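Chemist: Sharing a structure with you now.
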Amino acid sequence: MTAPGSSVNFPKIIIVGGGFGGIQLAKKLKNKEVQVLMLDRHNYHTFQPLLYQVATGGLEADSIAFPLRKIFKGQSNFSFRNAEVLSIAPEKNTILTTVGEFEYDYLVLATGSDTNFFGSKELEHYTMPMKTIPEALNLRSMILQNLEEALIEPDPTLLNFVVVGGGPTGVELSGAISELKRHVLKNDYPELNIDDVNIYLIEGSPAVLGPMSTQAQRSAKEFLLEMGVTVMTGVTVISYDGEIIKLSGGIEIFSKNVLWSAGVKGEFPEGISKEHLVRGGRIKVDTVNRIDGHNTIFAIGDVAAMITDETPNGHPGVAPVAMQQGKLLAKNLLRIINKEEPEPFKYFDKGSMATVGRNRAVVDIGKIRFQGVFAWFVWMFVHLMSLVGFRNKLVVFVNWMWSYFSYDRGTRLIIRPFNRESMTEDTAHK
């Protein structure tokens, strides 16, 4: 099967993934003499930095998602197919999907990353990840269902929340659960003793927010402690059976709410040789994001690892990297098509930030570091402006203002009850 809209004999570029990198790549190819086909298992783009707010009832799912077809409305050289990619056949320049096989001249993997359970089937089954909207909705349902169950039959495991992983996701999720406890649960669940609700943040390294400055790490930990979160650093998870999580040092915590944000790994279809993979299951690419040994296959964003002297571990798995790589690759693909020399990628780091809760955030911009209320407003502004679509920006802004002045979260709904045991291994986290 040839790419849709292929009546004109322009080079066919297939982009797998409608995340930050894939969108920027496709946009920059608008009105160029190429045919662009995007494939994604979902028909929407997800603004992942705000998934934790969906999981904790701060936002509804459709306010951080946007239809992919709508993003490219009016782009005549663009087509989209809602499909899952099964495998790549580099020797034939074809890609096999659930809706058929497509030929390509150039293939770009912008597939992002998935939760890394480090080979533990036990952790994969019993803990709750949060990389997709379905997973965030599962997490929200589980939290609310356990609170409802705690009213019927007192059980301390239902009221202990353990977040594993002290990166931005873990820190933000811990802070959001703390705010849920302090401002919402005491009103929604007056029969519960709020003091029985405990929140633990587990991090294997010596500090939370490892990639950020020492000042940001220290402030984030202080904020979390002020909010009643027990922060445990230098501690690793040994096992978890659904009720008892065992940590290094002989520590045990009884909990049915273990939220996993301790690592990610590259996600990509079959057909990429393991010899091209590096740490974290990422695909090794050269300085123009081309996969080693494949002249026509590229990878950008979280799934790609550009190993150089300056970046021995590759670039961080954050949205700005994916967006900058997508924009440059669009130019480079046109250069390659025109037999011109491509331009090597150089990442421009605009800074890092994380929010811990109301009026509490940390921001690192170059050598400038600040924390507290101003950092929180900066965090809100940057995330608000980064959302796709005016409606989403407006809905999120209104929700945030309502939450700020009312101390309330308006989407505490169990729309689809979560039952882990009724799910297959393949669908438990999707």
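We name chains A, B, ... following the order of the structure tokens; residues begin at 1 in each chain, and ligands are numbered from 1 as shown.
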Which residues are close to Ile244 of chain A, i.e. within 6 Å by only C-alpha atoms, leaving aside same-chain residues fewer than 4 positions away? Reply as number ranges by chain.
Modeler: A: 240, 253-255
Chemist: Write the residues you've just listed into a file as a JSON list (two decimals), in the first residue's frame, and include C-alpha atoms for each of them.
Modeler:
```json
[["chain", "number", "residue", "atom", "x", "y", "z"],
["A", 240, "TYR", "CA", 5.65, -5.34, 45.71],
["A", 253, "ILE", "CA", 5.09, -0.02, 53.64],
["A", 254, "PHE", "CA", 1.57, -1.42, 53.53],
["A", 255, "SER", "CA", -0.24, 0.11, 50.55]]
```
Chemist: From the DSSP assignment of the backbone, select every residue of segment 35-130 of chain A that is strand (DSSP E or B), and format the answer as an MDAnalysis selection string.
Modeler: chainID A and resid 35:40 44:46 65:67 78:82 85:89 94:97 100:103 106:109 113:115 128
Chemist: Include N, CA and C atoms and write out the residues we just selected as a tab-separated table (two decimals), in the first residue's frame.
Modeler:
```
chain	number	residue	atom	x	y	z
A	35	GLN	N	5.32	14.03	0.60
A	35	GLN	CA	4.06	13.49	1.11
A	35	GLN	C	4.31	13.03	2.55
A	36	VAL	N	3.49	13.49	3.47
A	36	VAL	CA	3.67	13.16	4.88
A	36	VAL	C	2.52	12.29	5.35
A	37	LEU	N	2.86	11.14	5.93
A	37	LEU	CA	1.86	10.27	6.53
A	37	LEU	C	2.23	10.07	8.00
A	38	MET	N	1.31	10.42	8.90
A	38	MET	CA	1.53	10.19	10.33
A	38	MET	C	0.70	9.00	10.79
A	39	LEU	N	1.32	8.13	11.58
A	39	LEU	CA	0.65	6.97	12.15
A	39	LEU	C	0.71	7.07	13.67
A	40	ASP	N	-0.41	6.81	14.34
A	40	ASP	CA	-0.43	6.81	15.80
A	40	ASP	C	-1.56	5.92	16.27
A	44	TYR	N	-5.24	11.39	18.86
A	44	TYR	CA	-5.06	12.67	19.54
A	44	TYR	C	-3.64	12.82	20.05
A	45	HIS	N	-3.25	14.07	20.23
A	45	HIS	CA	-1.98	14.40	20.87
A	45	HIS	C	-2.22	14.59	22.35
A	46	THR	N	-1.34	14.04	23.19
A	46	THR	CA	-1.47	14.17	24.64
A	46	THR	C	-0.41	15.11	25.19
A	65	ALA	N	-5.80	16.90	25.71
A	65	ALA	CA	-5.68	16.13	24.46
A	65	ALA	C	-6.24	16.97	23.31
A	66	PHE	N	-5.73	16.72	22.11
A	66	PHE	CA	-6.19	17.50	20.96
A	66	PHE	C	-6.15	16.60	19.72
A	67	PRO	N	-7.23	16.59	18.92
A	67	PRO	CA	-7.27	15.70	17.75
A	67	PRO	C	-6.13	15.99	16.77
A	78	PHE	N	-0.45	16.36	3.99
A	78	PHE	CA	-0.44	15.57	5.22
A	78	PHE	C	-1.62	14.61	5.25
A	79	SER	N	-1.36	13.37	5.68
A	79	SER	CA	-2.41	12.38	5.91
A	79	SER	C	-2.17	11.71	7.26
A	80	PHE	N	-3.24	11.23	7.86
A	80	PHE	CA	-3.13	10.55	9.15
A	80	PHE	C	-3.89	9.23	9.12
A	81	ARG	N	-3.31	8.22	9.77
A	81	ARG	CA	-4.00	6.95	9.94
A	81	ARG	C	-3.90	6.52	11.40
A	82	ASN	N	-5.07	6.23	11.97
A	82	ASN	CA	-5.16	5.76	13.35
A	82	ASN	C	-4.81	4.27	13.34
A	85	VAL	N	1.70	0.47	14.75
A	85	VAL	CA	2.76	-0.07	13.91
A	85	VAL	C	3.24	-1.39	14.50
A	86	LEU	N	3.28	-2.41	13.66
A	86	LEU	CA	3.67	-3.74	14.10
A	86	LEU	C	5.14	-4.02	13.88
A	87	SER	N	5.64	-3.67	12.69
A	87	SER	CA	7.04	-3.96	12.39
A	87	SER	C	7.52	-3.12	11.22
A	88	ILE	N	8.84	-3.01	11.13
A	88	ILE	CA	9.50	-2.30	10.03
A	88	ILE	C	10.30	-3.30	9.22
A	89	ALA	N	10.27	-3.16	7.91
A	89	ALA	CA	11.10	-3.98	7.02
A	89	ALA	C	12.05	-3.05	6.29
A	94	THR	N	9.42	-0.64	3.90
A	94	THR	CA	7.99	-0.74	4.19
A	94	THR	C	7.78	-0.83	5.70
A	95	ILE	N	6.56	-0.49	6.10
A	95	ILE	CA	6.19	-0.54	7.51
A	95	ILE	C	4.83	-1.21	7.60
A	96	LEU	N	4.73	-2.22	8.47
A	96	LEU	CA	3.50	-2.99	8.62
A	96	LEU	C	2.70	-2.47	9.81
A	97	THR	N	1.42	-2.19	9.59
A	97	THR	CA	0.56	-1.65	10.63
A	97	THR	C	-0.72	-2.48	10.73
A	100	GLY	N	-2.65	-2.10	7.47
A	100	GLY	CA	-1.99	-2.42	6.21
A	100	GLY	C	-0.51	-2.09	6.21
A	101	GLU	N	0.09	-2.30	5.05
A	101	GLU	CA	1.52	-2.05	4.87
A	101	GLU	C	1.72	-0.81	4.02
A	102	PHE	N	2.68	0.04	4.42
A	102	PHE	CA	2.94	1.28	3.70
A	102	PHE	C	4.40	1.34	3.26
A	103	GLU	N	4.61	1.88	2.09
A	103	GLU	CA	5.97	2.12	1.60
A	103	GLU	C	6.42	3.52	2.02
A	106	TYR	N	11.39	7.86	3.45
A	106	TYR	CA	12.05	8.19	4.71
A	106	TYR	C	11.09	7.89	5.85
A	107	LEU	N	11.61	7.27	6.88
A	107	LEU	CA	10.79	6.89	8.04
A	107	LEU	C	11.36	7.56	9.28
A	108	VAL	N	10.47	8.17	10.07
A	108	VAL	CA	10.88	8.84	11.31
A	108	VAL	C	10.12	8.23	12.49
A	109	LEU	N	10.86	7.69	13.43
A	109	LEU	CA	10.27	7.15	14.64
A	109	LEU	C	10.23	8.24	15.71
A	113	SER	N	8.40	7.27	24.75
A	113	SER	CA	8.87	6.28	25.72
A	113	SER	C	7.70	5.67	26.46
A	114	ASP	N	7.97	4.55	27.10
A	114	ASP	CA	6.97	3.86	27.92
A	114	ASP	C	7.57	3.66	29.31
A	115	THR	N	6.73	3.27	30.25
A	115	THR	CA	7.19	3.05	31.61
A	115	THR	C	8.18	1.89	31.67
A	128	MET	N	0.95	1.28	39.42
A	128	MET	CA	0.20	2.09	38.45
A	128	MET	C	1.11	3.10	37.78
```
Chemist: Could you name the residues that touch Glu343 of chain A at 8 Å or less, counting only C-alpha atoms, but leaving out those on the same chain fewer than 5 positions away, as a short mmCIF file (atom, residue, chain, number, x, y, z; two decimals) with N, CA and C atoms, in the first residue's frame?
Modeler:
```
data_model
loop_
_atom_site.label_atom_id
_atom_site.label_comp_id
_atom_site.auth_asym_id
_atom_site.auth_seq_id
_atom_site.Cartn_x
_atom_site.Cartn_y
_atom_site.Cartn_z
N VAL A 288 22.38 13.85 13.09
CA VAL A 288 21.21 14.32 12.33
C VAL A 288 20.02 13.41 12.60
N LEU A 328 14.37 20.63 13.25
CA LEU A 328 15.61 20.55 12.46
C LEU A 328 15.56 19.39 11.47
N ASN A 332 16.46 19.07 7.55
CA ASN A 332 17.49 18.13 7.09
C ASN A 332 16.97 17.12 6.09
#
```
Chemist: Tell me, which residues of segment 129-190 of chain A carry DSSP helix (DSSP H, G or I), written as an NGL selection string?
Modeler: :A and (133-152 or 156-158 or 168-188)
Chemist: Any chance you could export the current selection's C-alpha atoms as a PDB file, in the first residue's frame?
Modeler:
```pdb
ATOM      1  CA  ILE A 133      -4.493   9.269  29.247  1.00  0.00           C
ATOM      2  CA  PRO A 134      -6.027   5.793  29.773  1.00  0.00           C
ATOM      3  CA  GLU A 135      -3.405   5.123  32.453  1.00  0.00           C
ATOM      4  CA  ALA A 136      -4.111   8.470  34.147  1.00  0.00           C
ATOM      5  CA  LEU A 137      -7.851   7.693  34.164  1.00  0.00           C
ATOM      6  CA  ASN A 138      -7.141   4.241  35.612  1.00  0.00           C
ATOM      7  CA  LEU A 139      -5.079   5.865  38.337  1.00  0.00           C
ATOM      8  CA  ARG A 140      -7.802   8.393  39.146  1.00  0.00           C
ATOM      9  CA  SER A 141     -10.423   5.655  39.361  1.00  0.00           C
ATOM     10  CA  MET A 142      -8.208   3.489  41.554  1.00  0.00           C
ATOM     11  CA  ILE A 143      -7.528   6.327  44.012  1.00  0.00           C
ATOM     12  CA  LEU A 144     -11.212   7.259  44.313  1.00  0.00           C
ATOM     13  CA  GLN A 145     -12.377   3.634  44.498  1.00  0.00           C
ATOM     14  CA  ASN A 146      -9.923   2.893  47.299  1.00  0.00           C
ATOM     15  CA  LEU A 147     -11.132   5.928  49.225  1.00  0.00           C
ATOM     16  CA  GLU A 148     -14.733   4.768  48.823  1.00  0.00           C
ATOM     17  CA  GLU A 149     -13.751   1.282  49.984  1.00  0.00           C
ATOM     18  CA  ALA A 150     -11.973   2.722  53.027  1.00  0.00           C
ATOM     19  CA  LEU A 151     -15.331   4.128  54.202  1.00  0.00           C
ATOM     20  CA  ILE A 152     -16.873   0.648  54.187  1.00  0.00           C
ATOM     21  CA  PRO A 156      -4.701   1.273  56.258  1.00  0.00           C
ATOM     22  CA  THR A 157      -3.380  -0.075  52.925  1.00  0.00           C
ATOM     23  CA  LEU A 158      -6.131   1.870  51.163  1.00  0.00           C
ATOM     24  CA  PRO A 168       9.393  15.837  37.978  1.00  0.00           C
ATOM     25  CA  THR A 169       6.468  13.416  37.525  1.00  0.00           C
ATOM     26  CA  GLY A 170       6.909  11.846  40.965  1.00  0.00           C
ATOM     27  CA  VAL A 171       7.371  15.190  42.702  1.00  0.00           C
ATOM     28  CA  GLU A 172       4.349  16.755  41.003  1.00  0.00           C
ATOM     29  CA  LEU A 173       2.167  13.698  41.625  1.00  0.00           C
ATOM     30  CA  SER A 174       3.138  13.585  45.318  1.00  0.00           C
ATOM     31  CA  GLY A 175       2.325  17.268  45.709  1.00  0.00           C
ATOM     32  CA  ALA A 176      -1.025  16.873  43.932  1.00  0.00           C
ATOM     33  CA  ILE A 177      -2.055  13.964  46.175  1.00  0.00           C
ATOM     34  CA  SER A 178      -1.074  16.034  49.217  1.00  0.00           C
ATOM     35  CA  GLU A 179      -3.304  18.884  48.061  1.00  0.00           C
ATOM     36  CA  LEU A 180      -6.090  16.405  47.410  1.00  0.00           C
ATOM     37  CA  LYS A 181      -5.709  15.201  50.997  1.00  0.00           C
ATOM     38  CA  ARG A 182      -5.563  18.639  52.605  1.00  0.00           C
ATOM     39  CA  HIS A 183      -8.181  20.528  50.600  1.00  0.00           C
ATOM     40  CA  VAL A 184     -10.607  17.963  49.171  1.00  0.00           C
ATOM     41  CA  LEU A 185     -10.766  14.723  51.147  1.00  0.00           C
ATOM     42  CA  LYS A 186     -11.719  16.373  54.424  1.00  0.00           C
ATOM     43  CA  ASN A 187     -14.831  17.784  52.688  1.00  0.00           C
ATOM     44  CA  ASP A 188     -15.683  14.854  50.406  1.00  0.00           C
TER      45      ASP A 188
END
```
Chemist: Quick one: distance from atom CA of Ser213 of chain A to atom CA of Thr311 of chain A in Å, one decimal?
Modeler: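 About the pair atom CA of Ser213 of chain A and atom CA of Thr311 of chain A: they are 17.9 Å apart.
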Chemist: Distance atom CA of Pro211 of chain A-atom CA of Gly57 of chain A, one decimal place?
Modeler: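 Separating atom CA of Pro211 of chain A from atom CA of Gly57 of chain A is a distance of 27.9 Å.
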Chemist: Quick one: pull the distance between atom CA of Val303 of chain A and atom CA of Ser261 of chain A, Å, one decimal.
Modeler: 17.1 Å
Chemist: Using only C-alpha atoms, which protein or nucleic acid residues come within 8 Å of segment 352-362 of chain A? Drop anything in the same chain fewer than 6 positions from it, and give the result as a count of residues only.
Modeler: 24
Chemist: Name the residues in contact with Glu60 of chain A at a cut-off of 10 Å, using only C-alpha atoms, excluding same-chain residues fewer than 6 positions from it; report them as a ChimeraX atom specification.
Modeler: /A:51,53-54,133,137,395-396,399,410-413
Chemist: With only C-alpha atoms as the basis for distance, which of A:Glu33, A:Gly74, A:Ile23, A:Phe47 is at the shortest distance from Asp62 of chain A?
Modeler: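 Among the listed residues, A:Phe47 lies closest to Asp62 of chain A.
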Chemist: Which one is closest to Asn289 of chain A: A:Leu329, A:Leu59, A:Lys265, A:Ser406? Count only C-alpha atoms.
Modeler: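 Smallest separation from Asn289 of chain A among the options: A:Leu329.
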Chemist: I need the residue nearest His383 of chain A from this list: A:Tyr200, A:Ile245, A:Phe397, A:Arg416. Use only C-alpha atoms for the distance.
Modeler: A:Phe397
